[in-house]
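Below: one structure, written as structure tokens.
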Amino acid sequence: MKIYLDGKLVPKEEAKISVFDHGFLYGDGVFEGIRIYNRRVFRHEAHLQRLYRSARAIMLEIPLSMEEMKAAVEETVAANQLENGYIRLIVSRGPGDLGLDPRKCPKPTIVIIADAIKLYPPEVYESGMEVVTVATRRARPDVLNPAIKSLNYLNNILAKIECIRANVPECIMLNDQGLVAECSGDNIFIYIRDFNGRGQLRTPPVSAGILEGITRDAVMQIAEEMNIPCVERDLALFDVYAADEAFLTGTAAEVVPVTTVDQRKIGSGEPGEITRRITERYRELTRTEGTAVW
Ligand code: PXG
């Protein structure tokens with residue numbers, strides 16, 4: 001396996017960074033998780049846009065242009081002859097001294113890993129996933145905005161630890177107001193029919209304190225294309241319990257049906273029809289969008 005490290009492709013064993021790197025010392029940096037399908041990098045530009053926006057928010061100047069970064073990612077995929085898999089792109093503040101001061105870090109570290117992907121068990125796509133609400137609240141946007149995809153994932157990891165204790169693969173995190181935010185590594189959608197049978201997809205707005213997921217964005221586009229009404233709207237837990245369908249979205253997860261939340265059955269308790277149609281279209285997009293990079 002070849003790893004991209006600061007402009008060079010090096011064997012995995014030689015891909016090492018300094019213990020003085022502020023990514024390691026303080027979680028000072030940003031990252032992306034991207035999929036490769038059929039030698040194509042899915043939604044590459046969107047991921048890069050989010051990476052550069054996150055970097056700007058923390059005043060981290062990435063020493064490559066977006067075009068150069070795109071080429072570096074493609075080069076790493078090609079060097080590993082990866083057909084399908086996962087790319088982890090990391091830009092840290094780089095090595096400095098033991099103080100917080102980012103000005104002491106003259107050179108950001110850039111790492112690109114292209115590897116196999118670890119997925120949820122196949123059964124959850126067939127029969128649906130069981131999730132729970134956890135006590136760990138999503139960070140308040142005015143404290144550390146979850147829209148920044150930073151190397152500080154402790155908030156998410158604390159939630160993940162609660163998932164493990166509850167023996168479920170994923171969980172719902174509320175924001176400081178007690179509204180539904182997102183999951184530890186996925187966004188959430190519900191589908192709900194009104195008293196007259198008209199259905200609508202709903203997902204929390206970015207202002208609820210969430211990561212603006214690329215998969216979430218793709219699903220909103222799919223809904224539009226399929227004429228399924230879809231709105232970004234504050235959701236209470238009640239709305240999730242009352243929903244006819246629910247699903248999670250994420251680069252690794254793709255679209256996962258949720259059939260139980262806090263032991264309440266969602267809809268019929270089986271993956272829903274709208275979820276199935278969206279999943280199918282999403283899979284088609286992953287197979288067909290973009291061009292092969294090697
Ligand atoms: N929310 C959070 C907090 C995330 O970390 C998503 C939503 C979904 O966003 P995308 O752009 O992927 O649709 C993410 C991203 C993992 C893992 O190993 C998952 C993510 C990031 C890093 C690692 O499960 N999900």
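Scheme for the structure tokens: letters A, B, ... for chains in order shown; per-chain residue numbers from 1; ligand numbers from 1 in order shown.
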
Selection near Gly99 of chain A, 12 Å with only C-alpha atoms, sequence-local residues under 3 positions removed, as an MDAnalysis selection string: chainID A and resid 20:22 25:26 28 95:96 102:105

Surrounding residues as a PyMOL selection string, ligand 1, max 9 Å, only C-alpha atoms and all ligand atoms: chain A and resi 31-35+46-47+50+88+117-120+138+146-147+149+153+156+182-188+210-218+248-254

Close residues, Glu75 of chain A itself excluded, 12 Å, only C-alpha atoms, min 5 positions apart in chain, as a list in words: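 With the cut-off at 12 Å, the set is Lys2, Ile3, Tyr4, Gly7, Lys8, Leu9, Arg39, Val41, Glu68, Met69, Lys70, Asn80, Gln81, Leu82, Ile87, Ile112, Ile113, Ala114, Ala292, Val293 and Trp294 of chain A.
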
Residues flagged helix (DSSP H, G or I) by DSSP in segment 184-215 of chain A, as a PyMOL selection string: chain A and resi 206-208+214-215

Selection: 7 Å around Val111 of chain A, only C-alpha atoms, excl. self and same-chain fewer than 2 positions, as a ChimeraX atom specification: /A:4-6,89-91,109,113

Taking 5 positions as the minimum chain separation for residues in the same chain, which residues sit within 10 Å of Val231 of chain A when counting only C-alpha atoms? Answer as a PDB file with C-alpha atoms, in the first residue's frame.
```pdb
ATOM      1  CA  PHE A 189     -33.764  11.692   7.460  1.00  0.00           C
ATOM      2  CA  GLN A 200     -42.503  14.549   3.121  1.00  0.00           C
ATOM      3  CA  LEU A 201     -38.832  13.891   3.772  1.00  0.00           C
ATOM      4  CA  ARG A 202     -37.356  15.879   6.633  1.00  0.00           C
ATOM      5  CA  THR A 203     -33.785  16.312   7.784  1.00  0.00           C
ATOM      6  CA  PRO A 204     -32.347  18.686  10.396  1.00  0.00           C
ATOM      7  CA  PRO A 205     -30.942  21.964   9.012  1.00  0.00           C
ATOM      8  CA  MET A 220     -31.821  15.876  -1.259  1.00  0.00           C
ATOM      9  CA  ALA A 223     -35.655  13.559  -3.700  1.00  0.00           C
TER      10      ALA A 223
END
```

Filtered DSSP result for segment 14-242 of chain A, state strand (DSSP E or B), as a ChimeraX atom specification: /A:21,29-37,40-41,85-92,95,109-115,129-133,150,170-174,180-183,187-193,199-203,230-232

Residues near segment 260-275 of chain A, cut-off 10 Å, only C-alpha atoms, skip fewer than 5 positions along chain, as an NGL selection string: :A and (124-134 or 171-172 or 189-192 or 199 or 201 or 223 or 228 or 237 or 240-248 or 255 or 280)

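If only C-alpha atoms are the atoms counted, then among A:Cys163, A:Arg281, A:Leu235, A:Phe195 the closest residue to Val219 of chain A is A:Arg281.
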
Among the residues A:Ser150, A:Tyr86, A:Tyr52, A:Arg137, the one that comes closest to Gly27 of chain A [using only C-alpha atoms]: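 So, comparing all the options, the nearest one is A:Ser150.
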
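For the pair atom CA of Tyr37 of chain A and atom CA of Asn227 of chain A, the interatomic distance is 26.6 Å.
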